[in-house]
Amino acid sequence: MIQLKDITKLYNRGKLKVKVLKGVSLSIKKGEYVSIMAPSGAGKSTLMNIIGCLDTPTSGTYFLDNDEISGLNDSRLSAIRNSKIGFVFQAYNLLSGVNAIRNVMLPLIYRNKYPPDAGDRAEKMLKLVGLQDRLSHSPGELSGGEQQRVAIARALICEPSVLLADEPTGNLDSNSGREILSTFDQLHQVGKTIVLITHDQNAANHAKRIIRMRDGLITEDTSS
Ligand SMILES: Nc1ncnc2c1ncn2[C@@H]1O[C@H](COP(=O)(O)OP(=O)(O)OP(=O)(O)O)[C@@H](O)[C@H]1O
Ligand SMILES: [Mg+2]
């Protein structure tokens, strides 16, 4: 489903060009749960931004669901991103003062495609992440772990091909972190494709496949 071949990414830092990804090749199949572990600065977020169609590689090819992504212009890229990618970040980025259901519905509103069953779909996603009892709570009335689960439900509302999570437990205490990891376990069991970027070995162990990176390259790719 995700096929990256010899992906490089160069950034200009003043006059200096810095190669952040140095030739990453990687395939991820539908339904896989993969974690990516690497030291800070190794290029994890850069890779996630490319997989998530937020950025394009300097060279190399990227196929998502058999469509070539490398080389697309910004508007094509954002169309693919909106329909195929669900993002979860360290910060939950929920709208305050707006209840959980409305937060989860937001991507449907942004897509200008506002199906009449948007509310029902949002409710279904919130049930999927175990928040059936928190539907009308606003972010201020939710714990950090619950807010992150609202963010996960929001990421899933457009039925993306892949859920990309960049340090989703980074802001959470260990109990809330465990909630999130067990939510991902359940999503994996119902067939979602998940890529989890983490510094935490315990979190990575939840995935069936662990990829390690160092200095812009994949150094290890182990399935259990
Ligand atoms: N837009 C940018 N312009 C210039 N350099 C960048 C840019 N984005 C990232 N970098 C550099 O690329 C390198 C990799 O960054 P990246 O954010 O991918 O690392 P990371 O593995 O996600 O690190 P962390 O674990 O700290 O989140 C870093 O040295 C960073 O400074
Ligand atoms: Mg990062």
# chains A, B, ... in the order shown; residues from 1 in each chain; ligands from 1
>>> residues_around(residues="Ile80 (chain A)", least_positions_apart="6", cutoff="10 Å", atoms="only C-alpha atoms", output="list in words")
Gly52, Cys53, Leu54, Leu64, Asp67, Ile69, Leu72, Asp74 and Pro160 of chain A
>>> closest_atom_pairs(of="chain A", to="ligand 2", cutoff="9 Å", atoms="only C-alpha atoms and all ligand atoms", output="tab-separated table")
residue	atom	partner	partner_atom_place_in_ligand_line	distance
A:Ser40	CA	ligand 2	1 (Mg)	6.8
A:Gly41	CA	ligand 2	1 (Mg)	7.0
A:Ala42	CA	ligand 2	1 (Mg)	8.3
A:Gly43	CA	ligand 2	1 (Mg)	7.0
A:Lys44	CA	ligand 2	1 (Mg)	5.5
A:Ser45	CA	ligand 2	1 (Mg)	4.1
A:Thr46	CA	ligand 2	1 (Mg)	7.3
A:Met48	CA	ligand 2	1 (Mg)	8.5
A:Asp166	CA	ligand 2	1 (Mg)	6.8
A:Glu167	CA	ligand 2	1 (Mg)	7.5
A:Ile197	CA	ligand 2	1 (Mg)	8.0
A:Thr198	CA	ligand 2	1 (Mg)	8.7
>>> closest_atom_pairs(of="chain A", to="ligand 1", cutoff="12 Å", atoms="only C-alpha atoms and all ligand atoms", output="CSV")
residue,atom,partner,partner_atom_place_in_ligand_line,distance
A:Thr8,CA,ligand 1,12 (O),11.6
A:Lys9,CA,ligand 1,12 (O),8.8
A:Leu10,CA,ligand 1,5 (N),8.1
A:Tyr11,CA,ligand 1,4 (C),4.8
A:Asn12,CA,ligand 1,4 (C),5.9
A:Arg13,CA,ligand 1,4 (C),5.6
A:Gly14,CA,ligand 1,4 (C),9.0
A:Lys15,CA,ligand 1,4 (C),11.3
A:Leu16,CA,ligand 1,4 (C),9.8
A:Lys17,CA,ligand 1,4 (C),8.7
A:Val18,CA,ligand 1,5 (N),7.1
A:Lys19,CA,ligand 1,12 (O),7.8
A:Val20,CA,ligand 1,12 (O),5.1
A:Leu21,CA,ligand 1,14 (C),8.0
A:Lys22,CA,ligand 1,14 (C),11.2
A:Ile36,CA,ligand 1,21 (O),9.5
A:Met37,CA,ligand 1,21 (O),8.4
A:Ala38,CA,ligand 1,21 (O),6.2
A:Pro39,CA,ligand 1,25 (O),5.8
A:Ser40,CA,ligand 1,25 (O),3.4
A:Gly41,CA,ligand 1,19 (O),3.5
A:Ala42,CA,ligand 1,21 (O),4.0
A:Gly43,CA,ligand 1,18 (O),3.1
A:Lys44,CA,ligand 1,21 (O),3.7
A:Ser45,CA,ligand 1,22 (O),3.7
A:Thr46,CA,ligand 1,18 (O),3.7
A:Leu47,CA,ligand 1,18 (O),6.4
A:Met48,CA,ligand 1,18 (O),7.9
A:Asn49,CA,ligand 1,18 (O),8.4
A:Ile50,CA,ligand 1,18 (O),10.1
A:Leu54,CA,ligand 1,1 (N),11.5
A:Asp55,CA,ligand 1,1 (N),9.7
A:Thr56,CA,ligand 1,1 (N),11.7
A:Phe89,CA,ligand 1,27 (O),10.8
A:Gln90,CA,ligand 1,27 (O),10.0
A:Ala165,CA,ligand 1,22 (O),11.6
A:Asp166,CA,ligand 1,27 (O),8.1
A:Glu167,CA,ligand 1,27 (O),7.9
A:Pro168,CA,ligand 1,27 (O),11.5
A:Gly170,CA,ligand 1,27 (O),10.2
A:Leu196,CA,ligand 1,22 (O),11.9
A:Ile197,CA,ligand 1,22 (O),8.4
A:Thr198,CA,ligand 1,25 (O),7.8
A:His199,CA,ligand 1,25 (O),7.1
A:Asp200,CA,ligand 1,25 (O),10.7
A:Arg212,CA,ligand 1,21 (O),10.7
A:Met213,CA,ligand 1,21 (O),8.4
A:Arg214,CA,ligand 1,21 (O),8.6
A:Asp215,CA,ligand 1,14 (C),8.3
A:Gly216,CA,ligand 1,14 (C),7.7
A:Leu217,CA,ligand 1,21 (O),10.8
A:Ile218,CA,ligand 1,21 (O),11.8
>>> write_last_selection(atoms="C-alpha atoms", output="PDB file, in the first residue's frame")
ATOM      1  CA  THR A   8      16.034  11.453  -0.162  1.00  0.00           C
ATOM      2  CA  LYS A   9      15.253  14.818   1.348  1.00  0.00           C
ATOM      3  CA  LEU A  10      17.538  17.827   1.242  1.00  0.00           C
ATOM      4  CA  TYR A  11      16.926  20.942   3.266  1.00  0.00           C
ATOM      5  CA  ASN A  12      18.627  24.259   2.653  1.00  0.00           C
ATOM      6  CA  ARG A  13      20.033  25.646   5.843  1.00  0.00           C
ATOM      7  CA  GLY A  14      21.254  29.066   4.787  1.00  0.00           C
ATOM      8  CA  LYS A  15      23.748  28.297   2.070  1.00  0.00           C
ATOM      9  CA  LEU A  16      24.267  24.795   3.339  1.00  0.00           C
ATOM     10  CA  LYS A  17      22.316  21.846   1.962  1.00  0.00           C
ATOM     11  CA  VAL A  18      21.585  19.213   4.568  1.00  0.00           C
ATOM     12  CA  LYS A  19      20.609  15.717   3.532  1.00  0.00           C
ATOM     13  CA  VAL A  20      18.089  14.564   6.112  1.00  0.00           C
ATOM     14  CA  LEU A  21      16.935  11.380   4.345  1.00  0.00           C
ATOM     15  CA  LYS A  22      19.674   9.572   2.494  1.00  0.00           C
ATOM     16  CA  ILE A  36       9.491   3.765  13.649  1.00  0.00           C
ATOM     17  CA  MET A  37      12.129   4.383  16.303  1.00  0.00           C
ATOM     18  CA  ALA A  38      15.133   6.632  15.955  1.00  0.00           C
ATOM     19  CA  PRO A  39      17.111   9.200  17.897  1.00  0.00           C
ATOM     20  CA  SER A  40      16.065  12.831  17.732  1.00  0.00           C
ATOM     21  CA  GLY A  41      17.004  14.426  14.429  1.00  0.00           C
ATOM     22  CA  ALA A  42      17.256  11.115  12.554  1.00  0.00           C
ATOM     23  CA  GLY A  43      14.544  12.166  10.114  1.00  0.00           C
ATOM     24  CA  LYS A  44      11.414  10.452  11.482  1.00  0.00           C
ATOM     25  CA  SER A  45       9.105  13.445  11.142  1.00  0.00           C
ATOM     26  CA  THR A  46      10.584  14.257   7.749  1.00  0.00           C
ATOM     27  CA  LEU A  47       9.750  10.726   6.622  1.00  0.00           C
ATOM     28  CA  MET A  48       6.285  10.936   8.141  1.00  0.00           C
ATOM     29  CA  ASN A  49       5.631  14.240   6.351  1.00  0.00           C
ATOM     30  CA  ILE A  50       6.527  12.574   3.059  1.00  0.00           C
ATOM     31  CA  LEU A  54       2.635  17.057   3.627  1.00  0.00           C
ATOM     32  CA  ASP A  55       5.942  17.273   1.817  1.00  0.00           C
ATOM     33  CA  THR A  56       7.568  15.779  -1.252  1.00  0.00           C
ATOM     34  CA  PHE A  89       0.409  14.417  16.651  1.00  0.00           C
ATOM     35  CA  GLN A  90       1.924  14.892  20.074  1.00  0.00           C
ATOM     36  CA  ALA A 165       1.015   9.003  14.583  1.00  0.00           C
ATOM     37  CA  ASP A 166       4.063  11.111  15.463  1.00  0.00           C
ATOM     38  CA  GLU A 167       4.907  10.727  19.174  1.00  0.00           C
ATOM     39  CA  PRO A 168       1.216  10.444  20.140  1.00  0.00           C
ATOM     40  CA  GLY A 170       4.807  12.183  24.071  1.00  0.00           C
ATOM     41  CA  LEU A 196       3.623   4.919  14.987  1.00  0.00           C
ATOM     42  CA  ILE A 197       6.655   7.128  15.456  1.00  0.00           C
ATOM     43  CA  THR A 198       7.995   6.905  18.973  1.00  0.00           C
ATOM     44  CA  HIS A 199      11.031   7.220  21.225  1.00  0.00           C
ATOM     45  CA  ASP A 200       9.551   4.749  23.651  1.00  0.00           C
ATOM     46  CA  ARG A 212      14.934   1.721  13.327  1.00  0.00           C
ATOM     47  CA  MET A 213      16.528   4.702  11.658  1.00  0.00           C
ATOM     48  CA  ARG A 214      19.791   6.481  12.219  1.00  0.00           C
ATOM     49  CA  ASP A 215      21.076   9.532  10.478  1.00  0.00           C
ATOM     50  CA  GLY A 216      18.611   9.461   7.569  1.00  0.00           C
ATOM     51  CA  LEU A 217      18.775   5.732   6.858  1.00  0.00           C
ATOM     52  CA  ILE A 218      16.872   2.625   7.933  1.00  0.00           C
TER      53      ILE A 218
END
>>> residues_around(residues="Met1 (chain A)", least_positions_apart="4", cutoff="7 Å", atoms="only C-alpha atoms", output="NGL selection string")
:A and (28-30 or 64-66)
>>> write_last_selection(atoms="N, CA and C atoms", output="mmCIF file, in the first residue's frame")
data_model
loop_
_atom_site.group_PDB
_atom_site.id
_atom_site.type_symbol
_atom_site.label_atom_id
_atom_site.label_comp_id
_atom_site.auth_asym_id
_atom_site.auth_seq_id
_atom_site.Cartn_x
_atom_site.Cartn_y
_atom_site.Cartn_z
ATOM 1 N N ILE A 28 4.980 -0.832 3.156
ATOM 2 C CA ILE A 28 4.056 -1.141 4.253
ATOM 3 C C ILE A 28 2.760 -1.640 3.630
ATOM 4 N N LYS A 29 2.323 -2.807 4.107
ATOM 5 C CA LYS A 29 1.101 -3.405 3.541
ATOM 6 C C LYS A 29 -0.123 -2.948 4.307
ATOM 7 N N LYS A 30 -1.260 -3.043 3.635
ATOM 8 C CA LYS A 30 -2.554 -2.734 4.268
ATOM 9 C C LYS A 30 -2.712 -3.595 5.522
ATOM 10 N N LEU A 64 1.369 5.405 -3.174
ATOM 11 C CA LEU A 64 0.376 5.179 -2.124
ATOM 12 C C LEU A 64 -0.857 4.609 -2.813
ATOM 13 N N ASP A 65 -1.268 3.407 -2.402
ATOM 14 C CA ASP A 65 -2.397 2.730 -3.063
ATOM 15 C C ASP A 65 -2.214 2.725 -4.579
ATOM 16 N N ASN A 66 -1.004 2.415 -5.011
ATOM 17 C CA ASN A 66 -0.676 2.318 -6.444
ATOM 18 C C ASN A 66 -0.678 3.639 -7.213
#
>>> atom_distance(atom1="CA of Glu159 (chain A)", atom2="CA of Val98 (chain A)")
22.1 Å
>>> atom_distance(atom1="CA of Ser35 (chain A)", atom2="CA of Gly60 (chain A)")
21.9 Å
>>> select_by_dssp(residues="region 45-205 of chain A", states="strand (DSSP E or B)", output="ChimeraX atom specification")
/A:59-64,67-68,85-88,162-166,194-198
>>> closest_residue(among="A:Ile210, A:Leu95, A:Leu142, A:Leu106", to="Arg154 (chain A)", atoms="only C-alpha atoms")
A:Leu106
>>> residues_around(residues="Asp6 (chain A)", least_positions_apart="5", cutoff="6 Å", atoms="only C-alpha atoms", output="number ranges by chain")
A: 23-25, 60
>>> atom_distance(atom1="CA of Gly119 (chain A)", atom2="CA of Asn175 (chain A)")
29.6 Å
>>> closest_residue(among="A:Tyr33, A:Phe87, A:Phe63, A:Tyr92", to="Val150 (chain A)", atoms="only C-alpha atoms")
A:Tyr92
>>> decode(residues="region 72-172 of chain A", atoms="C-alpha atoms", output="PDB file, in the first residue's frame")
ATOM      1  CA  LEU A  72       2.513  15.813  -7.582  1.00  0.00           C
ATOM      2  CA  ASN A  73       1.695  19.506  -7.198  1.00  0.00           C
ATOM      3  CA  ASP A  74       0.413  20.969  -3.932  1.00  0.00           C
ATOM      4  CA  SER A  75      -3.279  20.806  -4.744  1.00  0.00           C
ATOM      5  CA  ARG A  76      -3.154  17.160  -5.871  1.00  0.00           C
ATOM      6  CA  LEU A  77      -1.046  16.379  -2.817  1.00  0.00           C
ATOM      7  CA  SER A  78      -3.521  17.983  -0.443  1.00  0.00           C
ATOM      8  CA  ALA A  79      -6.448  16.186  -2.085  1.00  0.00           C
ATOM      9  CA  ILE A  80      -4.702  12.838  -1.530  1.00  0.00           C
ATOM     10  CA  ARG A  81      -3.729  13.833   1.998  1.00  0.00           C
ATOM     11  CA  ASN A  82      -7.315  14.731   2.886  1.00  0.00           C
ATOM     12  CA  SER A  83      -8.761  11.509   1.585  1.00  0.00           C
ATOM     13  CA  LYS A  84      -6.069   8.967   2.465  1.00  0.00           C
ATOM     14  CA  ILE A  85      -4.123  10.097   5.514  1.00  0.00           C
ATOM     15  CA  GLY A  86      -5.143  10.361   9.148  1.00  0.00           C
ATOM     16  CA  PHE A  87      -2.701  12.283  11.347  1.00  0.00           C
ATOM     17  CA  VAL A  88      -2.191  12.138  15.080  1.00  0.00           C
ATOM     18  CA  PHE A  89       0.409  14.417  16.651  1.00  0.00           C
ATOM     19  CA  GLN A  90       1.924  14.892  20.074  1.00  0.00           C
ATOM     20  CA  ALA A  91      -0.328  17.922  20.635  1.00  0.00           C
ATOM     21  CA  TYR A  92      -3.981  17.002  20.202  1.00  0.00           C
ATOM     22  CA  ASN A  93      -4.902  20.259  18.411  1.00  0.00           C
ATOM     23  CA  LEU A  94      -8.598  20.045  19.288  1.00  0.00           C
ATOM     24  CA  LEU A  95     -10.903  23.061  19.070  1.00  0.00           C
ATOM     25  CA  SER A  96     -11.596  24.187  22.603  1.00  0.00           C
ATOM     26  CA  GLY A  97     -15.186  24.942  23.527  1.00  0.00           C
ATOM     27  CA  VAL A  98     -16.441  22.513  20.913  1.00  0.00           C
ATOM     28  CA  ASN A  99     -17.617  19.095  21.996  1.00  0.00           C
ATOM     29  CA  ALA A 100     -16.004  15.777  21.062  1.00  0.00           C
ATOM     30  CA  ILE A 101     -18.524  14.920  18.334  1.00  0.00           C
ATOM     31  CA  ARG A 102     -18.049  18.316  16.643  1.00  0.00           C
ATOM     32  CA  ASN A 103     -14.256  18.045  16.881  1.00  0.00           C
ATOM     33  CA  VAL A 104     -14.372  14.651  15.192  1.00  0.00           C
ATOM     34  CA  MET A 105     -16.683  15.989  12.452  1.00  0.00           C
ATOM     35  CA  LEU A 106     -14.282  18.829  11.540  1.00  0.00           C
ATOM     36  CA  PRO A 107     -12.400  17.062   8.712  1.00  0.00           C
ATOM     37  CA  LEU A 108     -15.727  16.386   6.971  1.00  0.00           C
ATOM     38  CA  ILE A 109     -16.554  20.079   7.224  1.00  0.00           C
ATOM     39  CA  TYR A 110     -13.124  21.103   5.860  1.00  0.00           C
ATOM     40  CA  ARG A 111     -13.559  18.701   2.982  1.00  0.00           C
ATOM     41  CA  ASN A 112     -16.656  20.581   1.845  1.00  0.00           C
ATOM     42  CA  LYS A 113     -18.331  17.253   1.877  1.00  0.00           C
ATOM     43  CA  TYR A 114     -20.709  17.352   4.693  1.00  0.00           C
ATOM     44  CA  PRO A 115     -22.699  14.144   4.653  1.00  0.00           C
ATOM     45  CA  PRO A 116     -26.033  14.177   6.476  1.00  0.00           C
ATOM     46  CA  ASP A 117     -24.801  11.332   8.652  1.00  0.00           C
ATOM     47  CA  ALA A 118     -21.643  13.239   9.766  1.00  0.00           C
ATOM     48  CA  GLY A 119     -22.773  13.251  13.394  1.00  0.00           C
ATOM     49  CA  ASP A 120     -23.494   9.514  13.357  1.00  0.00           C
ATOM     50  CA  ARG A 121     -20.131   8.820  11.799  1.00  0.00           C
ATOM     51  CA  ALA A 122     -18.370  10.938  14.431  1.00  0.00           C
ATOM     52  CA  GLU A 123     -20.211   9.059  17.149  1.00  0.00           C
ATOM     53  CA  LYS A 124     -19.172   5.738  15.630  1.00  0.00           C
ATOM     54  CA  MET A 125     -15.505   6.821  15.569  1.00  0.00           C
ATOM     55  CA  LEU A 126     -15.697   7.966  19.193  1.00  0.00           C
ATOM     56  CA  LYS A 127     -17.123   4.573  20.135  1.00  0.00           C
ATOM     57  CA  LEU A 128     -14.278   2.908  18.266  1.00  0.00           C
ATOM     58  CA  VAL A 129     -11.772   4.683  20.525  1.00  0.00           C
ATOM     59  CA  GLY A 130     -13.791   3.921  23.653  1.00  0.00           C
ATOM     60  CA  LEU A 131     -15.248   7.394  24.239  1.00  0.00           C
ATOM     61  CA  GLN A 132     -18.954   6.557  23.937  1.00  0.00           C
ATOM     62  CA  ASP A 133     -19.508   8.199  27.345  1.00  0.00           C
ATOM     63  CA  ARG A 134     -17.752  11.454  26.427  1.00  0.00           C
ATOM     64  CA  LEU A 135     -19.563  12.488  23.244  1.00  0.00           C
ATOM     65  CA  SER A 136     -20.628  15.933  24.399  1.00  0.00           C
ATOM     66  CA  HIS A 137     -17.611  16.777  26.546  1.00  0.00           C
ATOM     67  CA  SER A 138     -15.424  19.627  25.342  1.00  0.00           C
ATOM     68  CA  PRO A 139     -11.600  19.308  25.437  1.00  0.00           C
ATOM     69  CA  GLY A 140     -11.385  21.178  28.760  1.00  0.00           C
ATOM     70  CA  GLU A 141     -13.576  18.503  30.319  1.00  0.00           C
ATOM     71  CA  LEU A 142     -11.415  15.621  29.101  1.00  0.00           C
ATOM     72  CA  SER A 143      -8.134  14.108  30.325  1.00  0.00           C
ATOM     73  CA  GLY A 144      -5.055  14.249  28.087  1.00  0.00           C
ATOM     74  CA  GLY A 145      -5.514  10.609  27.097  1.00  0.00           C
ATOM     75  CA  GLU A 146      -9.165  11.208  26.262  1.00  0.00           C
ATOM     76  CA  GLN A 147      -8.304  14.297  24.209  1.00  0.00           C
ATOM     77  CA  GLN A 148      -5.765  12.277  22.268  1.00  0.00           C
ATOM     78  CA  ARG A 149      -8.409   9.620  21.623  1.00  0.00           C
ATOM     79  CA  VAL A 150     -10.731  12.333  20.262  1.00  0.00           C
ATOM     80  CA  ALA A 151      -7.843  13.323  17.971  1.00  0.00           C
ATOM     81  CA  ILE A 152      -7.522   9.681  16.860  1.00  0.00           C
ATOM     82  CA  ALA A 153     -11.273   9.497  16.149  1.00  0.00           C
ATOM     83  CA  ARG A 154     -10.958  12.732  14.146  1.00  0.00           C
ATOM     84  CA  ALA A 155      -8.063  11.234  12.166  1.00  0.00           C
ATOM     85  CA  LEU A 156     -10.214   8.211  11.309  1.00  0.00           C
ATOM     86  CA  ILE A 157     -13.439   9.959  10.267  1.00  0.00           C
ATOM     87  CA  CYS A 158     -12.519  10.150   6.568  1.00  0.00           C
ATOM     88  CA  GLU A 159     -11.655   6.418   6.517  1.00  0.00           C
ATOM     89  CA  PRO A 160      -7.984   7.034   5.657  1.00  0.00           C
ATOM     90  CA  SER A 161      -5.768   4.362   4.121  1.00  0.00           C
ATOM     91  CA  VAL A 162      -3.239   4.884   6.888  1.00  0.00           C
ATOM     92  CA  LEU A 163      -3.112   6.380  10.362  1.00  0.00           C
ATOM     93  CA  LEU A 164       0.175   8.226  10.960  1.00  0.00           C
ATOM     94  CA  ALA A 165       1.015   9.003  14.583  1.00  0.00           C
ATOM     95  CA  ASP A 166       4.063  11.111  15.463  1.00  0.00           C
ATOM     96  CA  GLU A 167       4.907  10.727  19.174  1.00  0.00           C
ATOM     97  CA  PRO A 168       1.216  10.444  20.140  1.00  0.00           C
ATOM     98  CA  THR A 169       2.085   9.530  23.736  1.00  0.00           C
ATOM     99  CA  GLY A 170       4.807  12.183  24.071  1.00  0.00           C
ATOM    100  CA  ASN A 171       2.659  14.574  26.142  1.00  0.00           C
ATOM    101  CA  LEU A 172       0.971  11.926  28.259  1.00  0.00           C
TER     102      LEU A 172
END
